[in-house]
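Structure, as structure tokens:
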Amino acid sequence: MQSDDASQILPRQITKAPPWHELVTADLFFSSLGAGTFIVAALCMFTRAGLFTPLVRVTLLVPFPIMMADLVCLVLDLGDPLRFHHMMRVVKPRSPMSVGVWAISLFTVIAFAALIVAIFAPSETAFIVLGAIGIGPALLVSGYKGVLFSVTAEPTWSTMRWLGATFSVSAISMGAALMLLLAYAMNAAPAAPILRAVVLWLLLATAILIAFEAFAEPRRRSVGVASDYRQSAVLVTYVGAGIVTPIVLVLLSGELSVLDLAAGLLVLFGAALARDYLVRIPRAQLSG
Amino acid sequence: MGILSDLLYPFRRPAPPAPRTATGFFTDTTLCIGCKACEVACKQWNQLPSDGFTFTGDSYDNTGTLSATTWRHVTFAEQFPSSDAQPPEPSITPSGSLDIQALLAQAQSGRWLMMSDVCKHCSTAPCEIACPTGALIVNEFANVYLQNDICNGCGYCVAACPFGVITRSEIDGHAHKCTLCFDRQRDDMIPACAKACPTGSIQFGSIEELRERARKRVEELMARGVTDAYLYGDAPSASYSTLGAFFLLLDDPSRYGLPGNPARPQLSLAADWLRTAVGAIISVAIVLAVLLTHAV
């Protein structure tokens with residue numbers, strides 16, 4: 001007998017939402033910011049060392065504290081924080097979380113070295129060497145979280161094939177935004193136009209990837225998540241405040257001004273919102 | 001010394017035991033009567049706490065779902081034409097007694113589908129692959145076993161399981177699921193649920209023997225006119241491995257709370273890493289292009 005039955009006594013969604021909340025959002029934010037900042041600083045040193053050395057010296061003070069904040073979030077998010085070191089028992093290339101933990105550990109050590117060099121022995125050569133050593137792990141840290149989410153059984157995350165790429169582009173745009181903020185704080189006017197242009201192009205690339213993710217065939221179920229009121233509000237706010245407005249601001253900005261400050265802050269605010277949106281998707285689907 | 005010992009303990013790796021006969025469950029849902037003896041036996045043997053007592057309104061299912069504290073869950077699906085349908089009047093013989101033959105001849109107006117759900121002990125288990133601590137392993141019986149003293153409660157296995165089996169406990173913060181009664185198996189005992197099942201719906205044994213037995217059972221049911229009978233998880237699909245706990249079903253898998261076409265998440269791993277690398281390269285190229293071309 002095939003079922004044309006009236007009643008069905010089953011849950012709507014078979015998979016379970018992982019127990020990930022605000023601490024995971026913070027972890028996503030900090031790891032992206034730390035890695036993205038290092039990447040942009042390294043690329044600046046590779047190409048325009050003469051112009052960027054003073055700014056990079058200050059910038060390299062930032063990734064290590066950010067990664068330590070990230071580490072605190074990673075540890076506290078565990079069900080048993082005292083067992084964080086169990087992550088180091090194995091190296092599993094097929095587990096994005098295992099790859100990510102090792103990448104973060106390696107990058108944090110390099111960020112610490114960058115901090116020490118920036119304080120005690122700053123030089124163009126040292127910054128370039130540090131950048132060359134650290135850019136690989138930093139790029140891995142910037143993108144692995146996307147793979148971690150997409151390689152799951154969760155109905156929406158598992159359809160987001162370009163999530164890792166989106167994370168990577170977003171992380172580097174965050175790094176450029178943070179450097180723009182530091183340029184504003186240091187009144188480093190010559191560096192600002194370049195950083196503005198980097199922010200602009202990376203935001204455009206992020207927007208293209210998000211649009212592609214949302215509308216590519218087969219139509220992503222992530223779009224359906226926007227039927228949840230809170231998620232819809234977060235998504236609209238992210239696109240409006242985190243992408244469109246900063247693009248307008250950097251286009252309007254001529255001299256180093258408060259517009260740069262606002263653009264940088266909004267990029268970071270939007271990035272935090274986007275990560276919060278992503279982390280909440282499975283729970284929104286269960287409750288929706 | 002105690003702290004040092006605690007820190008180093010997880011890194012000790014004793015030699016794994018020699019493989020033994022691969023075991024599993026065959027759950028014949030046509031025999032399940034929904035008594036929940038399996039749920040009780042599992043709770044009792046594994047000393048799992050109560051989940052509270054809530055009337056869900058879902059047929060006779062007040063358990064709800066598999067969880068860190070419920071490793072067996074009997075699902076109930078009521079299949080009747082409509083909630084208003086009345087059963088036919090029973091046939092009465094001239095002598096005033098119930099006419100059993102006439103009753104048996106009546107067309108079936110509805111049915112219940114009942115199934116004792118459990119961890120599937122997948123041959124290639126996404127949870128085991130995802131686990132970053134190595135807490136989830138494949139043991140000597142080819143069952144997917146979670147080492148409770150290693151798990152740190154990261155929750156990645158929860159997101160990796162396409163069957164919604166494994167869950168993190170709010171009591172101790174670790175993930176938990178069916179162990180296929182590893183402790184009992186090592187003592188040559190059968191799992192508590194299979195031992196308690198009064199109808200033989202839950203069958204335990206060598207996985208190869210169970211598959212053979214299950215195929216014969218399907219043939220037997222077909223011969224008796226139960227043409228909807230089929231096996232779920234006894235053979236690999238294009239996107240998923242065989243299941244160490246497989247089922248004989250009578251309807252679409254979704255009617256039992258099972259995914260129709262489960263996919264192993266790691267199938268897209270290499271391609272997703274490649275796309276991530278493309279994204280990273282594009283980002284770096286954008287930054288370099290701006291840095292190299294922008295005049296100050």
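The way I read the labels, and the way they are meant: chains A, B, ... in the order of the structure tokens, residue 1 as the first residue of every chain, and ligand 1 as the first ligand shown, with later ones counted on from there.
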Selection: 8 Å around Thr245 of chain A, only C-alpha atoms, excl. self and same-chain fewer than 4 positions, as a ChimeraX atom specification: /A:240-241,249,263,266
Distance query segment 111-116 of chain B at most 6 Å, only C-alpha atoms, self and fewer than 6 positions along chain excluded, as a ChimeraX atom specification: /B:29,32,34,73-79
Which residues of chain B come within 6 Å of chain A, and what is each one's closest atom pair and distance in Å (one decimal), counting only C-alpha atoms, sorted by chain and residue number, as CSV?
```
residue,atom,partner,partner_atom,distance
B:Phe11,CA,A:Arg89,CA,5.7
B:Asp58,CA,A:Ile9,CA,5.5
B:Ala77,CA,A:Ile9,CA,5.0
B:Glu78,CA,A:Ser7,CA,5.9
B:Gln79,CA,A:Asp5,CA,4.6
B:Phe80,CA,A:Asp5,CA,5.2
B:Pro81,CA,A:Asp5,CA,5.4
B:Ser82,CA,A:Ala6,CA,5.4
B:Ala130,CA,A:Ser95,CA,4.7
B:Pro132,CA,A:Ser98,CA,4.6
B:Thr133,CA,A:Met87,CA,4.6
B:Asn152,CA,A:Asp80,CA,5.0
B:Gly153,CA,A:Gly79,CA,4.2
B:Cys154,CA,A:Leu78,CA,4.9
B:Gly155,CA,A:Pro18,CA,5.7
B:Val158,CA,A:Pro18,CA,5.3
B:Ala159,CA,A:Pro18,CA,5.3
B:Ala160,CA,A:Thr152,CA,4.5
B:Cys161,CA,A:Ala153,CA,6.0
B:Pro162,CA,A:Ala153,CA,5.0
B:Phe163,CA,A:Thr15,CA,5.7
B:Gly164,CA,A:Thr15,CA,4.0
B:Gly173,CA,A:Gly79,CA,3.8
B:His174,CA,A:Gly79,CA,5.9
B:Gly257,CA,A:Leu10,CA,5.9
B:Pro265,CA,A:Val151,CA,5.0
B:Gln266,CA,A:Val151,CA,5.7
B:Arg275,CA,A:Ala165,CA,5.9
B:Thr276,CA,A:Ala165,CA,4.0
B:Gly279,CA,A:Ala165,CA,4.0
B:Ala280,CA,A:Ser168,CA,5.4
B:Ser283,CA,A:Val169,CA,5.4
B:Val287,CA,A:Val198,CA,5.7
```
All alpha helix (DSSP H) positions in segment 6-234 of chain A, as a VMD selection string: chain A and resid 22 to 59 63 to 76 96 to 120 124 to 150 163 to 186 192 to 215 221 to 225 229 to 234
Atom pair atom CA of Cys119 of chain B / atom CA of Ala214 of chain B: separation (Å): 18.4 Å
Nearby residues (only C-alpha atoms) at most 10 Å from Val109 of chain A, same-chain spacing under 6 positions excluded, as a count of residues only: 4
Contacts of Ala18 of chain B at 10 Å (only C-alpha atoms; same-chain gap of 3+ positions) as a list in words: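 In the requested form, the answer reads Ala15, Asn139, Glu140 and Phe141 of chain B.
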Residues within 8 Å of segment 196-213 of chain B, only C-alpha atoms, excluding chain neighbours under 2 positions, as a PyMOL selection string: chain B and resi 21-33+37-38+41+116+190-194+215-217+234+244
Just write the chosen residues, N, CA and C atoms, as a tab-separated table (two decimals), in the first residue's frame.
```
chain	number	residue	atom	x	y	z
B	21	THR	N	34.48	-10.57	13.40
B	21	THR	CA	33.39	-10.61	12.43
B	21	THR	C	32.58	-9.32	12.48
B	22	ALA	N	32.39	-8.72	11.30
B	22	ALA	CA	31.61	-7.47	11.24
B	22	ALA	C	30.17	-7.75	11.62
B	23	THR	N	29.65	-6.93	12.52
B	23	THR	CA	28.28	-7.16	13.01
B	23	THR	C	27.40	-5.96	12.72
B	24	GLY	N	26.11	-6.16	12.87
B	24	GLY	CA	25.18	-5.07	12.65
B	24	GLY	C	23.77	-5.45	13.04
B	25	PHE	N	22.85	-4.57	12.68
B	25	PHE	CA	21.42	-4.79	12.94
B	25	PHE	C	20.67	-4.91	11.62
B	26	PHE	N	19.72	-5.81	11.59
B	26	PHE	CA	18.70	-5.83	10.54
B	26	PHE	C	17.36	-5.61	11.23
B	27	THR	N	16.71	-4.49	10.89
B	27	THR	CA	15.43	-4.19	11.52
B	27	THR	C	14.31	-4.44	10.51
B	28	ASP	N	13.52	-5.44	10.79
B	28	ASP	CA	12.38	-5.81	9.93
B	28	ASP	C	11.15	-5.07	10.46
B	29	THR	N	10.81	-3.98	9.76
B	29	THR	CA	9.72	-3.15	10.30
B	29	THR	C	8.36	-3.83	10.19
B	30	THR	N	8.26	-4.88	9.36
B	30	THR	CA	6.95	-5.57	9.26
B	30	THR	C	6.65	-6.34	10.54
B	31	LEU	N	7.66	-6.56	11.34
B	31	LEU	CA	7.44	-7.31	12.58
B	31	LEU	C	7.33	-6.41	13.80
B	32	CYS	N	7.61	-5.12	13.64
B	32	CYS	CA	7.60	-4.21	14.79
B	32	CYS	C	6.18	-3.96	15.25
B	33	ILE	N	5.95	-4.10	16.55
B	33	ILE	CA	4.62	-3.84	17.12
B	33	ILE	C	4.60	-2.57	17.96
B	37	ALA	N	10.12	-1.93	23.82
B	37	ALA	CA	11.00	-2.69	24.72
B	37	ALA	C	12.46	-2.39	24.39
B	38	CYS	N	12.74	-2.14	23.11
B	38	CYS	CA	14.12	-1.82	22.71
B	38	CYS	C	14.59	-0.52	23.34
B	41	ALA	N	15.18	-1.24	27.06
B	41	ALA	CA	16.37	-2.08	27.29
B	41	ALA	C	17.64	-1.27	27.05
B	116	SER	N	11.93	0.74	14.69
B	116	SER	CA	12.88	1.09	15.76
B	116	SER	C	14.13	1.67	15.12
B	190	ILE	N	24.51	-10.45	22.87
B	190	ILE	CA	23.91	-9.63	21.81
B	190	ILE	C	23.43	-8.31	22.43
B	191	PRO	N	23.32	-7.27	21.60
B	191	PRO	CA	22.91	-5.96	22.13
B	191	PRO	C	21.57	-6.03	22.87
B	192	ALA	N	21.43	-5.14	23.83
B	192	ALA	CA	20.26	-5.18	24.73
B	192	ALA	C	18.95	-5.03	23.96
B	193	CYS	N	18.93	-4.17	22.95
B	193	CYS	CA	17.67	-3.95	22.22
B	193	CYS	C	17.24	-5.20	21.47
B	194	ALA	N	18.21	-5.85	20.81
B	194	ALA	CA	17.87	-7.07	20.07
B	194	ALA	C	17.44	-8.18	21.02
B	215	ARG	N	17.36	-10.46	2.55
B	215	ARG	CA	16.94	-10.65	1.15
B	215	ARG	C	15.92	-11.80	1.05
B	216	LYS	N	16.16	-12.85	1.80
B	216	LYS	CA	15.20	-13.97	1.79
B	216	LYS	C	13.86	-13.51	2.36
B	217	ARG	N	13.92	-12.68	3.38
B	217	ARG	CA	12.68	-12.18	4.00
B	217	ARG	C	11.87	-11.34	3.00
B	234	ASP	N	21.06	-1.83	2.58
B	234	ASP	CA	21.80	-3.09	2.52
B	234	ASP	C	22.87	-3.08	1.44
B	244	GLY	N	25.51	-0.37	8.47
B	244	GLY	CA	25.68	-1.49	9.39
B	244	GLY	C	24.38	-1.80	10.11
```
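The coordinates place atom CA of Val165 of chain B at 15.6 Å from atom CA of Leu48 of chain B.
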Interatomic distance (Å, one decimal) between atom CA of Ser109 of chain B and atom CA of Ser95 of chain B: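 Between atom CA of Ser109 of chain B and atom CA of Ser95 of chain B the gap is 26.8 Å.
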